[in-house]
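This is coords09.cif (mmCIF, C-alpha atoms).
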```cif
data_data
loop_
_atom_site.label_atom_id
_atom_site.label_comp_id
_atom_site.auth_asym_id
_atom_site.auth_seq_id
_atom_site.Cartn_x
_atom_site.Cartn_y
_atom_site.Cartn_z
CA MET A 217 0.00 0.00 0.00
CA VAL A 218 1.64 3.19 -1.17
CA GLY A 219 -0.16 5.36 1.36
CA GLU A 220 2.26 4.48 4.12
CA LYS A 221 5.32 5.80 2.35
CA ALA A 222 6.36 9.31 3.31
CA ILE A 223 5.68 11.72 0.47
CA SER A 224 7.10 15.22 0.53
CA LYS A 225 4.88 18.20 1.25
CA ALA A 226 5.68 19.74 -2.13
CA VAL A 227 4.50 16.61 -3.94
CA ILE A 228 1.32 16.53 -1.85
CA LYS A 229 0.61 20.12 -2.87
CA ARG A 230 0.81 19.08 -6.52
CA LEU A 231 -1.25 15.88 -6.19
CA PRO A 232 -4.71 17.46 -6.53
CA ARG A 233 -3.65 18.91 -9.88
CA TYR A 234 -2.42 15.53 -11.13
CA TYR A 235 -5.68 14.08 -9.88
CA ARG A 236 -7.65 16.63 -11.89
CA TYR A 237 -5.70 16.00 -15.09
CA LEU A 238 -5.94 12.22 -14.69
CA SER A 239 -9.69 12.55 -14.14
CA GLU A 240 -9.98 14.55 -17.37
CA LEU A 241 -7.90 11.96 -19.23
CA MET A 242 -10.19 9.19 -17.98
CA ASP A 243 -13.23 11.20 -19.09
CA SER A 244 -11.76 11.39 -22.59
CA GLY A 245 -11.08 7.65 -22.62
CA VAL A 246 -7.27 7.82 -22.40
CA GLU A 247 -5.92 4.66 -20.74
CA ARG A 248 -2.17 5.25 -20.85
CA ILE A 249 -0.09 8.40 -20.99
CA SER A 250 3.65 9.06 -21.12
CA SER A 251 5.29 11.59 -18.84
CA GLY A 252 6.11 13.55 -22.01
CA GLU A 253 2.47 13.85 -23.07
CA LEU A 254 1.33 14.66 -19.53
CA SER A 255 4.11 17.25 -19.36
CA GLY A 256 2.78 18.94 -22.50
CA ARG A 257 -0.72 19.14 -21.08
CA MET A 258 0.20 20.21 -17.57
CA HIS A 259 3.05 22.58 -18.44
CA VAL A 260 5.32 20.85 -15.94
CA THR A 261 8.62 19.27 -16.99
CA ALA A 262 8.52 15.56 -17.78
CA SER A 263 11.28 14.96 -15.27
CA GLN A 264 9.25 16.66 -12.53
CA ILE A 265 6.31 14.42 -13.40
CA ARG A 266 8.48 11.29 -13.34
CA GLN A 267 9.95 12.28 -9.99
CA ASP A 268 6.54 13.06 -8.49
CA LEU A 269 4.82 9.94 -9.78
CA ASN A 270 7.72 7.67 -8.82
CA ASN A 271 6.35 8.07 -5.30
CA PHE A 272 3.57 5.77 -6.41
CA GLY A 273 5.73 2.83 -7.38
CA GLY A 274 7.39 1.62 -10.53
CA PHE A 275 4.76 2.57 -13.09
CA GLY A 276 5.52 4.54 -16.17
CA GLN A 277 8.39 2.56 -17.63
CA GLN A 278 10.11 4.13 -20.62
CA GLY A 279 8.02 3.71 -23.76
CA TYR A 280 5.11 2.26 -21.82
CA GLY A 281 3.57 5.19 -20.02
CA TYR A 282 1.38 5.50 -16.96
CA ASN A 283 -1.81 3.56 -16.43
CA VAL A 284 -4.20 6.50 -16.06
CA GLN A 285 -6.88 4.80 -13.99
CA TYR A 286 -4.43 3.08 -11.66
CA LEU A 287 -2.57 6.33 -10.99
CA TYR A 288 -5.86 8.20 -10.52
CA GLU A 289 -7.03 5.68 -7.94
CA GLU A 290 -3.70 5.58 -6.07
CA ILE A 291 -3.52 9.36 -5.85
CA GLY A 292 -7.18 9.37 -4.78
CA LYS A 293 -6.32 7.01 -1.90
CA ILE A 294 -3.39 9.17 -0.79
CA LEU A 295 -5.69 12.18 -0.79
CA GLY A 296 -8.30 10.27 1.22
CA LEU A 297 -10.83 10.50 -1.60
CA ASP A 298 -11.70 6.80 -1.40
CA LYS A 299 -13.54 7.59 1.84
CA ARG A 300 -16.65 9.60 2.55
CA HIS A 301 -16.14 12.83 4.49
CA ASN A 302 -19.16 14.37 6.17
CA MET A 303 -19.05 18.14 6.36
CA ILE A 304 -21.00 21.02 7.82
CA ILE A 305 -20.88 24.63 6.72
CA ILE A 306 -20.99 27.51 9.19
CA GLY A 307 -22.50 30.56 7.55
CA ALA A 308 -25.40 30.53 5.07
CA GLY A 309 -24.31 33.71 3.30
CA ASN A 310 -23.28 33.80 -0.36
CA LEU A 311 -20.06 31.93 0.26
CA GLY A 312 -21.66 29.26 2.44
CA GLN A 313 -24.36 28.78 -0.18
CA ALA A 314 -21.77 28.61 -2.96
CA LEU A 315 -19.96 25.83 -1.06
CA ALA A 316 -23.24 23.99 -0.42
CA ASN A 317 -24.11 24.23 -4.10
CA TYR A 318 -20.87 22.69 -5.44
CA GLU A 319 -22.11 19.27 -6.48
CA ASN A 320 -18.57 18.36 -7.44
CA PHE A 321 -17.53 18.17 -3.80
CA GLU A 322 -20.15 15.48 -3.24
CA ALA A 323 -18.88 13.55 -6.26
CA ARG A 324 -15.46 13.50 -4.54
CA GLY A 325 -16.94 12.16 -1.31
CA PHE A 326 -17.39 15.42 0.60
CA VAL A 327 -21.01 15.39 1.70
CA THR A 328 -22.48 18.48 3.36
CA LYS A 329 -24.96 17.41 6.04
CA ALA A 330 -26.03 20.76 7.48
CA ILE A 331 -25.52 24.51 7.38
CA PHE A 332 -25.56 26.70 10.48
CA ASP A 333 -26.23 30.42 10.59
CA LYS A 334 -26.53 32.94 13.39
CA ASN A 335 -29.52 34.56 11.67
CA PRO A 336 -32.47 32.62 13.14
CA GLU A 337 -34.68 33.67 10.22
CA LEU A 338 -32.71 31.37 7.91
CA SER A 339 -33.35 28.39 10.18
CA GLY A 340 -35.32 25.66 8.41
CA LYS A 341 -34.52 26.98 4.92
CA LYS A 342 -32.71 24.73 2.50
CA VAL A 343 -29.80 25.11 0.08
CA ARG A 344 -30.23 22.31 -2.46
CA ASP A 345 -31.51 19.68 -0.02
CA ILE A 346 -29.29 20.81 2.87
CA GLN A 347 -31.04 22.31 5.86
CA VAL A 348 -30.01 25.50 7.63
CA TYR A 349 -29.94 25.24 11.44
CA LYS A 350 -29.58 27.81 14.22
CA MET A 351 -26.12 28.22 15.76
CA GLU A 352 -27.58 27.04 19.10
CA GLU A 353 -28.24 23.68 17.49
CA LEU A 354 -24.57 23.15 16.61
CA GLU A 355 -23.49 21.14 19.66
CA GLY A 356 -26.56 18.90 19.58
CA PHE A 357 -26.15 18.22 15.88
CA LEU A 358 -22.48 17.32 16.22
CA ALA A 359 -23.25 14.99 19.14
CA ASN A 360 -25.72 13.05 17.01
CA ASN A 361 -23.98 13.05 13.61
CA GLU A 362 -20.55 11.90 12.52
CA ILE A 363 -19.04 15.03 11.07
CA GLU A 364 -15.41 15.27 10.10
CA ILE A 365 -15.01 18.66 8.41
CA ALA A 366 -16.43 22.08 9.26
CA ALA A 367 -16.21 24.85 6.66
CA LEU A 368 -16.08 28.30 8.26
CA ALA A 369 -17.76 30.63 5.78
CA ILE A 370 -18.22 33.53 8.19
CA PRO A 371 -16.44 36.85 8.68
CA LYS A 372 -13.36 37.19 10.85
CA THR A 373 -15.38 38.42 13.83
CA GLY A 374 -16.79 35.38 15.54
CA ALA A 375 -14.68 32.89 13.59
CA ILE A 376 -12.30 32.16 16.46
CA VAL A 377 -15.12 31.60 18.95
CA VAL A 378 -17.01 29.32 16.54
CA ALA A 379 -13.83 27.39 15.73
CA GLN A 380 -13.33 26.78 19.45
CA ARG A 381 -16.91 25.50 19.78
CA LEU A 382 -16.27 23.11 16.87
CA VAL A 383 -13.06 21.85 18.46
CA ASN A 384 -14.85 21.37 21.79
CA CYS A 385 -17.29 19.12 19.94
CA GLY A 386 -14.43 17.02 18.59
CA ILE A 387 -14.13 18.46 15.07
CA LYS A 388 -10.61 17.77 13.82
CA ALA A 389 -10.65 19.44 10.41
CA ILE A 390 -11.57 23.03 9.63
CA TRP A 391 -11.77 24.57 6.17
CA ASN A 392 -11.30 28.20 7.10
CA PHE A 393 -12.50 31.02 4.85
CA ALA A 394 -12.49 33.60 7.64
CA HIS A 395 -9.71 36.11 7.22
CA THR A 396 -7.89 35.26 10.40
CA ASP A 397 -5.59 32.57 11.75
CA LEU A 398 -7.39 30.24 14.13
CA ASN A 399 -4.50 29.04 16.35
CA LEU A 400 -6.12 25.75 17.33
CA PRO A 401 -4.56 22.69 19.01
CA LYS A 402 -2.03 20.86 16.85
CA ASP A 403 -4.24 17.85 16.26
CA VAL A 404 -6.86 20.02 14.54
CA MET A 405 -6.14 20.37 10.86
CA VAL A 406 -6.83 23.77 9.35
CA GLU A 407 -6.83 24.51 5.64
CA ASN A 408 -7.04 28.25 5.05
CA VAL A 409 -8.55 29.92 2.01
CA HIS A 410 -7.67 33.58 2.46
CA LEU A 411 -9.27 35.20 -0.57
CA SER A 412 -7.94 38.67 0.03
CA GLU A 413 -4.39 37.33 0.26
CA SER A 414 -4.90 35.62 -3.08
CA LEU A 415 -6.09 38.92 -4.54
CA MET A 416 -3.03 40.67 -3.10
CA ARG A 417 -0.73 38.19 -4.82
CA LEU A 418 -2.46 38.99 -8.10
CA SER A 419 -2.05 42.69 -7.43
CA TYR A 420 1.65 42.15 -6.61
CA ASN A 421 2.12 40.45 -9.97
CA ILE A 422 0.33 43.27 -11.80
CA ASN A 423 2.58 45.75 -10.04
CA ARG A 424 5.77 43.85 -10.81
CA HIS A 425 4.73 43.38 -14.42
CA GLU A 426 4.11 47.12 -14.81
CA MET A 427 7.54 47.90 -13.38
CA GLU A 428 9.19 45.46 -15.76
CA GLN A 429 7.32 47.01 -18.69
CA SER A 430 8.35 50.51 -17.69
CA VAL A 431 12.00 49.43 -17.52
CA LYS A 432 11.96 48.01 -21.05
CA MET B 181 12.24 52.85 -3.27
CA VAL B 182 12.24 49.28 -2.02
CA GLY B 183 9.83 48.08 -4.71
CA GLU B 184 12.54 47.78 -7.30
CA LYS B 185 14.62 45.30 -5.36
CA ALA B 186 14.13 41.66 -6.28
CA ILE B 187 12.26 39.82 -3.55
CA SER B 188 12.02 36.05 -3.56
CA LYS B 189 8.77 34.33 -4.48
CA ALA B 190 8.59 32.64 -1.07
CA VAL B 191 8.77 36.01 0.70
CA ILE B 192 6.10 37.42 -1.61
CA LYS B 193 3.82 34.54 -0.70
CA ARG B 194 4.21 35.43 2.96
CA LEU B 195 3.78 39.22 2.56
CA PRO B 196 -0.04 39.32 2.63
CA ARG B 197 0.05 37.57 6.00
CA TYR B 198 2.53 40.13 7.40
CA TYR B 199 0.32 42.83 5.94
CA ARG B 200 -2.70 41.41 7.75
CA TYR B 201 -0.90 41.18 11.11
CA LEU B 202 0.55 44.68 10.76
CA SER B 203 -2.91 45.99 9.94
CA GLU B 204 -4.29 44.38 13.10
CA LEU B 205 -1.43 45.83 15.15
CA MET B 206 -2.19 49.30 13.78
CA ASP B 207 -5.86 48.83 14.64
CA SER B 208 -4.88 48.07 18.22
CA GLY B 209 -2.65 51.15 18.37
CA VAL B 210 0.72 49.33 18.42
CA GLU B 211 3.41 51.57 16.93
CA ARG B 212 6.51 49.42 17.28
CA ILE B 213 7.01 45.68 17.51
CA SER B 214 10.07 43.47 17.90
CA SER B 215 10.61 40.45 15.70
CA GLY B 216 10.27 38.36 18.87
CA GLU B 217 6.80 39.70 19.68
CA LEU B 218 5.67 39.40 16.06
CA SER B 219 7.07 35.86 16.05
CA GLY B 220 4.91 34.97 19.05
CA ARG B 221 1.78 36.28 17.38
CA MET B 222 2.38 34.86 13.92
CA HIS B 223 3.84 31.49 14.96
CA VAL B 224 6.82 32.04 12.67
CA THR B 225 10.40 32.04 13.99
CA ALA B 226 11.86 35.44 14.81
CA SER B 227 14.78 34.73 12.51
CA GLN B 228 12.41 34.05 9.61
CA ILE B 229 10.69 37.36 10.31
CA ARG B 230 14.00 39.23 10.47
CA GLN B 231 15.12 37.65 7.21
CA ASP B 232 11.84 38.41 5.45
CA LEU B 233 11.56 41.97 6.66
CA ASN B 234 15.21 42.74 5.93
CA ASN B 235 14.05 42.92 2.33
CA PHE B 236 12.47 46.21 3.28
CA GLY B 237 15.60 47.94 4.45
CA GLY B 238 17.36 48.36 7.76
CA PHE B 239 14.41 48.68 10.09
CA GLY B 240 14.03 46.63 13.17
CA GLN B 241 17.36 47.21 14.88
CA GLN B 242 18.04 45.09 17.95
CA GLY B 243 16.12 46.38 20.93
CA TYR B 244 14.28 48.95 18.85
CA GLY B 245 11.76 46.96 16.86
CA TYR B 246 9.88 47.59 13.66
CA ASN B 247 7.88 50.71 12.94
CA VAL B 248 4.49 49.10 12.34
CA GLN B 249 2.97 51.75 10.12
CA TYR B 250 6.08 52.21 7.99
CA LEU B 251 6.40 48.48 7.40
CA TYR B 252 2.67 48.20 6.67
CA GLU B 253 2.89 50.93 4.07
CA GLU B 254 6.04 49.58 2.43
CA ILE B 255 4.59 46.08 2.15
CA GLY B 256 1.38 47.62 0.82
CA LYS B 257 3.39 49.35 -1.94
CA ILE B 258 5.17 46.12 -2.87
CA LEU B 259 1.77 44.40 -3.09
CA GLY B 260 0.43 47.22 -5.26
CA LEU B 261 -2.13 48.16 -2.62
CA ASP B 262 -1.31 51.85 -2.83
CA LYS B 263 -3.07 51.90 -6.21
CA ARG B 264 -6.70 51.44 -7.16
CA HIS B 265 -7.50 48.28 -9.12
CA ASN B 266 -10.77 48.18 -11.04
CA MET B 267 -12.28 44.73 -11.28
CA ILE B 268 -15.18 42.96 -12.94
CA ILE B 269 -16.73 39.67 -11.88
CA ILE B 270 -17.89 37.09 -14.41
CA GLY B 271 -20.71 35.03 -12.92
CA ALA B 272 -23.47 36.36 -10.66
CA GLY B 273 -24.01 33.05 -8.87
CA ASN B 274 -23.38 32.58 -5.16
CA LEU B 275 -19.63 32.85 -5.51
CA GLY B 276 -19.74 35.92 -7.76
CA GLN B 277 -22.14 37.57 -5.33
CA ALA B 278 -19.95 36.63 -2.38
CA LEU B 279 -16.98 38.33 -4.08
CA ALA B 280 -19.07 41.39 -4.93
CA ASN B 281 -20.21 41.62 -1.33
CA TYR B 282 -16.74 41.62 0.27
CA GLU B 283 -16.45 45.25 1.28
CA ASN B 284 -12.94 44.55 2.51
CA PHE B 285 -11.66 44.21 -1.05
CA GLU B 286 -12.80 47.75 -1.75
CA ALA B 287 -11.04 48.97 1.38
CA ARG B 288 -7.81 47.52 -0.06
CA GLY B 289 -8.32 49.31 -3.40
CA PHE B 290 -10.03 46.54 -5.37
CA VAL B 291 -13.19 48.12 -6.75
CA THR B 292 -15.73 45.95 -8.55
CA LYS B 293 -17.29 47.96 -11.37
CA ALA B 294 -19.60 45.39 -12.97
CA ILE B 295 -20.79 41.78 -12.87
CA PHE B 296 -21.55 39.79 -16.02
CA ASP B 297 -23.77 36.73 -16.22
CA LYS B 298 -24.95 34.55 -19.07
CA ASN B 299 -28.45 34.41 -17.60
CA PRO B 300 -30.14 37.43 -19.24
CA GLU B 301 -32.79 37.49 -16.50
CA LEU B 302 -30.18 38.75 -14.03
CA SER B 303 -29.29 41.67 -16.28
CA GLY B 304 -29.98 45.01 -14.63
CA LYS B 305 -30.11 43.54 -11.11
CA LYS B 306 -27.67 44.79 -8.53
CA VAL B 307 -25.39 43.24 -5.92
CA ARG B 308 -24.73 45.99 -3.38
CA ASP B 309 -24.58 48.87 -5.85
CA ILE B 310 -22.87 46.85 -8.58
CA GLN B 311 -24.88 46.21 -11.73
CA VAL B 312 -25.21 42.86 -13.47
CA TYR B 313 -24.78 42.98 -17.26
CA LYS B 314 -25.36 40.47 -20.06
CA MET B 315 -22.35 38.56 -21.33
CA GLU B 316 -22.90 40.20 -24.75
CA GLU B 317 -22.15 43.54 -23.14
CA LEU B 318 -18.67 42.44 -21.99
CA GLU B 319 -16.60 43.72 -24.91
CA GLY B 320 -18.41 47.07 -25.03
CA PHE B 321 -18.01 47.59 -21.30
CA LEU B 322 -14.29 46.79 -21.36
CA ALA B 323 -13.76 49.16 -24.28
CA ASN B 324 -15.31 52.01 -22.30
CA ASN B 325 -13.98 51.32 -18.81
CA GLU B 326 -10.48 50.90 -17.44
CA ILE B 327 -10.59 47.44 -15.93
CA GLU B 328 -7.50 45.65 -14.69
CA ILE B 329 -8.73 42.46 -13.05
CA ALA B 330 -11.44 39.99 -14.06
CA ALA B 331 -12.63 37.44 -11.50
CA LEU B 332 -13.90 34.26 -13.13
CA ALA B 333 -16.61 32.92 -10.83
CA ILE B 334 -18.12 30.49 -13.31
CA PRO B 335 -17.92 26.71 -13.73
CA LYS B 336 -15.15 25.03 -15.68
CA THR B 337 -17.28 24.75 -18.82
CA GLY B 338 -17.11 28.06 -20.57
CA ALA B 339 -14.27 29.42 -18.43
CA ILE B 340 -11.62 28.99 -21.11
CA VAL B 341 -13.74 30.69 -23.78
CA VAL B 342 -14.60 33.59 -21.48
CA ALA B 343 -10.96 33.95 -20.42
CA GLN B 344 -9.98 34.24 -24.08
CA ARG B 345 -12.60 36.93 -24.63
CA LEU B 346 -11.21 38.86 -21.66
CA VAL B 347 -7.66 38.56 -22.98
CA ASN B 348 -8.81 39.72 -26.42
CA CYS B 349 -10.16 42.85 -24.72
CA GLY B 350 -6.78 43.51 -23.14
CA ILE B 351 -7.39 42.15 -19.63
CA LYS B 352 -4.01 41.26 -18.11
CA ALA B 353 -5.02 39.82 -14.75
CA ILE B 354 -7.47 37.01 -14.09
CA TRP B 355 -8.55 35.77 -10.69
CA ASN B 356 -9.65 32.29 -11.62
CA PHE B 357 -12.13 30.30 -9.53
CA ALA B 358 -13.04 27.92 -12.37
CA HIS B 359 -11.66 24.46 -11.75
CA THR B 360 -9.43 24.38 -14.80
CA ASP B 361 -6.09 25.78 -15.94
CA LEU B 362 -6.53 28.62 -18.40
CA ASN B 363 -3.26 28.41 -20.38
CA LEU B 364 -3.21 32.05 -21.41
CA PRO B 365 -0.36 34.10 -22.93
CA LYS B 366 2.56 34.68 -20.56
CA ASP B 367 1.84 38.37 -20.10
CA VAL B 368 -1.58 37.59 -18.61
CA MET B 369 -1.34 37.01 -14.88
CA VAL B 370 -3.56 34.29 -13.49
CA GLU B 371 -4.14 33.68 -9.79
CA ASN B 372 -6.00 30.41 -9.30
CA VAL B 373 -8.29 29.62 -6.39
CA HIS B 374 -9.07 25.94 -6.85
CA LEU B 375 -11.43 25.24 -3.96
CA SER B 376 -11.72 21.51 -4.51
CA GLU B 377 -7.91 21.18 -4.47
CA SER B 378 -7.86 22.98 -1.15
CA LEU B 379 -10.49 20.55 0.16
CA MET B 380 -8.39 17.62 -1.07
CA ARG B 381 -5.37 18.90 0.86
CA LEU B 382 -7.51 18.98 3.98
CA SER B 383 -8.69 15.46 3.28
CA TYR B 384 -5.08 14.32 2.75
CA ASN B 385 -4.17 15.71 6.16
CA ILE B 386 -7.13 13.97 7.81
CA ASN B 387 -6.07 10.72 6.17
CA ARG B 388 -2.43 11.05 7.21
CA HIS B 389 -3.43 12.00 10.74
CA GLU B 390 -5.64 8.91 11.03
CA MET B 391 -2.80 6.69 9.84
CA GLU B 392 -0.43 8.21 12.37
CA GLN B 393 -2.98 7.68 15.14
CA SER B 394 -3.50 4.06 14.19
CA VAL B 395 0.27 3.42 14.28
CA LYS B 396 0.59 4.81 17.82
#
```

Would you mind writing the structure in this file as structure tokens?
Amino acid sequence: MVGEKAISKAVIKRLPRYYRYLSELMDSGVERISSGELSGRMHVTASQIRQDLNNFGGFGQQGYGYNVQYLYEEIGKILGLDKRHNMIIIGAGNLGQALANYENFEARGFVTKAIFDKNPELSGKKVRDIQVYKMEELEGFLANNEIEIAALAIPKTGAIVVAQRLVNCGIKAIWNFAHTDLNLPKDVMVENVHLSESLMRLSYNINRHEMEQSVK
Amino acid sequence: MVGEKAISKAVIKRLPRYYRYLSELMDSGVERISSGELSGRMHVTASQIRQDLNNFGGFGQQGYGYNVQYLYEEIGKILGLDKRHNMIIIGAGNLGQALANYENFEARGFVTKAIFDKNPELSGKKVRDIQVYKMEELEGFLANNEIEIAALAIPKTGAIVVAQRLVNCGIKAIWNFAHTDLNLPKDVMVENVHLSESLMRLSYNINRHEMEQSVK
């Protein structure tokens, strides 16, 4: 089982992208692909691809190529996508609703079981078929349902308090969209999506590009 | 002017986080901070902080600390936040609306001027005070307005075609939420936010954590 081998953090960061490309190849009926062809599609060097995928055993011999489905499934296992992950979303605003509406997440095994919002007027409403509950119902819900992931789709204010409530209920994985660091115990996994930082990186690149142009 | 010095990509990636912490320090009235104190808050080593911030000149002498506002402003300049960036959003779905509703972006100089959606029924509606236009109006709007950034808040299907239309109109910066690579000319800057890849990284960490627990 390849999952027990240590794989570097940098490779892990790239795995979801391989997974996406392999999924697209499968959709178009491709069964085998060489590192050279994959390199052309992904705009990554073939040697990088060979190095990365060597982590998954001795597939991809010269002139033979990678078995697309096998690689897809192995990477899926490493990423934990062969299991079902129950999720809740905190915040029924636009972002929370957007997350609840992504049917693709469900196809990957991430199933949203409930949404919580501090606005009691939203209680009982549904996004797709997912019910919105009051924040007071959070602890009771988590005691009676096996939930692994909580997505925090709420503003910075309140995020730290809510994160602490989630941790108190035994939640070990938080997908954090609030624009703040949560500083939770080490055994709680946090994946941050800081949108404004992403926008700042874009703005940095615009700025740098303009400077380069003006130098030319 | 520090902006012309070459700063490594890794430092650039960390700058928005420094910017956020410095902004919070300013809000709480802190004028000076030592690398040690900042280290404690940010959970980064003090030596990392000193190294990173040394890119911005000889501030932060031993025992004296960093001038919070100066550093905040210098990092802001590097990130291009001292300029106004006009933006449009493609897609008036939940995600597009969420982006349009973030007032914080505007506070940082990112001003959304219009939203475009392929559903003609949304045309003329408003999100905050931002009008939704028909996709057919895109080229005309871009010809008559100075827009720098386009946020692509639409599904994968269609994203590549729309991105090409934007590039044809001279857009040089795309904030891409569509779950696909855009493969645009090199002078077009693309910042990807692939939410499902972020979720997969979280799932990988859950998986790895469970394995580690079961070994114990």

Can you work out the spacing between CA of Ser203 (chain B) and CA of Gly289 (chain B) in Å, to one decimal?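 We find that CA of Ser203 (chain B) and CA of Gly289 (chain B) lie 14.8 Å from each other.
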
Near chain A, meaning an atom within 6 Å, which residues of chain B appear when counting only C-alpha atoms? Write them as a ChimeraX atom specification. /B:196,259-260,274-275,278,371,377,382-384,387

Suppose you want the space between CA of Glu337 (chain A) and CA of Ala369 (chain A); what is it in Å?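 These atoms are spaced 17.8 Å apart.
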
Quick one: pull the distance between CA of Ile363 (chain A) and CA of Val383 (chain A), Å, one decimal. 11.7 Å

Taking the file above as input, evaluate the PyMOL selection byres ((chain A and resi 266) around 10) and report the hits as a VMD selection string. chain A and resid 250 to 252 255 261 to 265 267 to 271 275 to 277 282

Kindly export the residues of the current selection with C-alpha atoms, as a PDB file, in the frame of the given file.
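Listed below is the output, part-v9.pdb:
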```pdb
ATOM      1  CA  SER A 250       3.650   9.060 -21.120  1.00  0.00           C
ATOM      2  CA  SER A 251       5.290  11.590 -18.840  1.00  0.00           C
ATOM      3  CA  GLY A 252       6.110  13.550 -22.010  1.00  0.00           C
ATOM      4  CA  SER A 255       4.110  17.250 -19.360  1.00  0.00           C
ATOM      5  CA  THR A 261       8.620  19.270 -16.990  1.00  0.00           C
ATOM      6  CA  ALA A 262       8.520  15.560 -17.780  1.00  0.00           C
ATOM      7  CA  SER A 263      11.280  14.960 -15.270  1.00  0.00           C
ATOM      8  CA  GLN A 264       9.250  16.660 -12.530  1.00  0.00           C
ATOM      9  CA  ILE A 265       6.310  14.420 -13.400  1.00  0.00           C
ATOM     10  CA  GLN A 267       9.950  12.280  -9.990  1.00  0.00           C
ATOM     11  CA  ASP A 268       6.540  13.060  -8.490  1.00  0.00           C
ATOM     12  CA  LEU A 269       4.820   9.940  -9.780  1.00  0.00           C
ATOM     13  CA  ASN A 270       7.720   7.670  -8.820  1.00  0.00           C
ATOM     14  CA  ASN A 271       6.350   8.070  -5.300  1.00  0.00           C
ATOM     15  CA  PHE A 275       4.760   2.570 -13.090  1.00  0.00           C
ATOM     16  CA  GLY A 276       5.520   4.540 -16.170  1.00  0.00           C
ATOM     17  CA  GLN A 277       8.390   2.560 -17.630  1.00  0.00           C
ATOM     18  CA  TYR A 282       1.380   5.500 -16.960  1.00  0.00           C
TER      19      TYR A 282
END
```

Name every residue that the PyMOL selection byres ((chain A and resi 352-359) around 12) selects in this structure, writing the answer as number ranges by chain with chains first and numbers rising. A: 302-307, 329-336, 339-340, 347-351, 360-366, 378-387

Taking all atoms of region 313-331 of chain A that the file lists, what box with edges along x, y and z, padded by 3 Å per side, do you get, with centre and edge lengths in Å to one decimal, as lines of an AutoDock Vina configuration file?
```
center_x = -20.7
center_y = 20.5
center_z = 0.0
size_x = 16.6
size_y = 22.6
size_z = 20.9
```

Decode the PyMOL selection byres ((chain B and resi 211) around 10) for the given file into explicit residues and return them as JSON, numbers by chain. {"B": [202, 205, 206, 207, 208, 209, 210, 212, 213, 245, 246, 247, 248, 249, 250]}

Give me region 248-260 of chain A with N, CA and C atoms filled in, as a PDB file, keeping the file's coordinate frame.
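Dumped to rebuild_26.pdb:
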```
ATOM      1  N   ARG A 248      -3.589   5.149 -21.181  1.00  0.00           N
ATOM      2  CA  ARG A 248      -2.170   5.250 -20.850  1.00  0.00           C
ATOM      3  C   ARG A 248      -1.657   6.591 -21.307  1.00  0.00           C
ATOM      4  N   ILE A 249      -0.699   7.129 -20.557  1.00  0.00           N
ATOM      5  CA  ILE A 249      -0.090   8.400 -20.990  1.00  0.00           C
ATOM      6  C   ILE A 249       1.377   8.420 -20.579  1.00  0.00           C
ATOM      7  N   SER A 250       2.219   8.956 -21.446  1.00  0.00           N
ATOM      8  CA  SER A 250       3.650   9.060 -21.120  1.00  0.00           C
ATOM      9  C   SER A 250       3.878  10.330 -20.321  1.00  0.00           C
ATOM     10  N   SER A 251       4.996  10.369 -19.594  1.00  0.00           N
ATOM     11  CA  SER A 251       5.290  11.590 -18.840  1.00  0.00           C
ATOM     12  C   SER A 251       5.459  12.764 -19.792  1.00  0.00           C
ATOM     13  N   GLY A 252       5.946  12.481 -21.015  1.00  0.00           N
ATOM     14  CA  GLY A 252       6.110  13.550 -22.010  1.00  0.00           C
ATOM     15  C   GLY A 252       4.784  14.183 -22.405  1.00  0.00           C
ATOM     16  N   GLU A 253       3.791  13.328 -22.683  1.00  0.00           N
ATOM     17  CA  GLU A 253       2.470  13.850 -23.070  1.00  0.00           C
ATOM     18  C   GLU A 253       1.825  14.621 -21.905  1.00  0.00           C
ATOM     19  N   LEU A 254       1.928  14.033 -20.707  1.00  0.00           N
ATOM     20  CA  LEU A 254       1.330  14.660 -19.530  1.00  0.00           C
ATOM     21  C   LEU A 254       2.018  16.012 -19.287  1.00  0.00           C
ATOM     22  N   SER A 255       3.319  16.028 -19.503  1.00  0.00           N
ATOM     23  CA  SER A 255       4.110  17.250 -19.360  1.00  0.00           C
ATOM     24  C   SER A 255       3.583  18.344 -20.293  1.00  0.00           C
ATOM     25  N   GLY A 256       3.300  17.971 -21.539  1.00  0.00           N
ATOM     26  CA  GLY A 256       2.780  18.940 -22.500  1.00  0.00           C
ATOM     27  C   GLY A 256       1.456  19.523 -22.058  1.00  0.00           C
ATOM     28  N   ARG A 257       0.600  18.659 -21.511  1.00  0.00           N
ATOM     29  CA  ARG A 257      -0.720  19.140 -21.080  1.00  0.00           C
ATOM     30  C   ARG A 257      -0.640  20.005 -19.832  1.00  0.00           C
ATOM     31  N   MET A 258       0.217  19.562 -18.889  1.00  0.00           N
ATOM     32  CA  MET A 258       0.200  20.210 -17.570  1.00  0.00           C
ATOM     33  C   MET A 258       1.184  21.374 -17.468  1.00  0.00           C
ATOM     34  N   HIS A 259       2.024  21.551 -18.491  1.00  0.00           N
ATOM     35  CA  HIS A 259       3.050  22.580 -18.440  1.00  0.00           C
ATOM     36  C   HIS A 259       3.953  22.427 -17.216  1.00  0.00           C
ATOM     37  N   VAL A 260       4.351  21.186 -16.986  1.00  0.00           N
ATOM     38  CA  VAL A 260       5.320  20.850 -15.940  1.00  0.00           C
ATOM     39  C   VAL A 260       6.367  20.018 -16.681  1.00  0.00           C
TER      40      VAL A 260
END
```
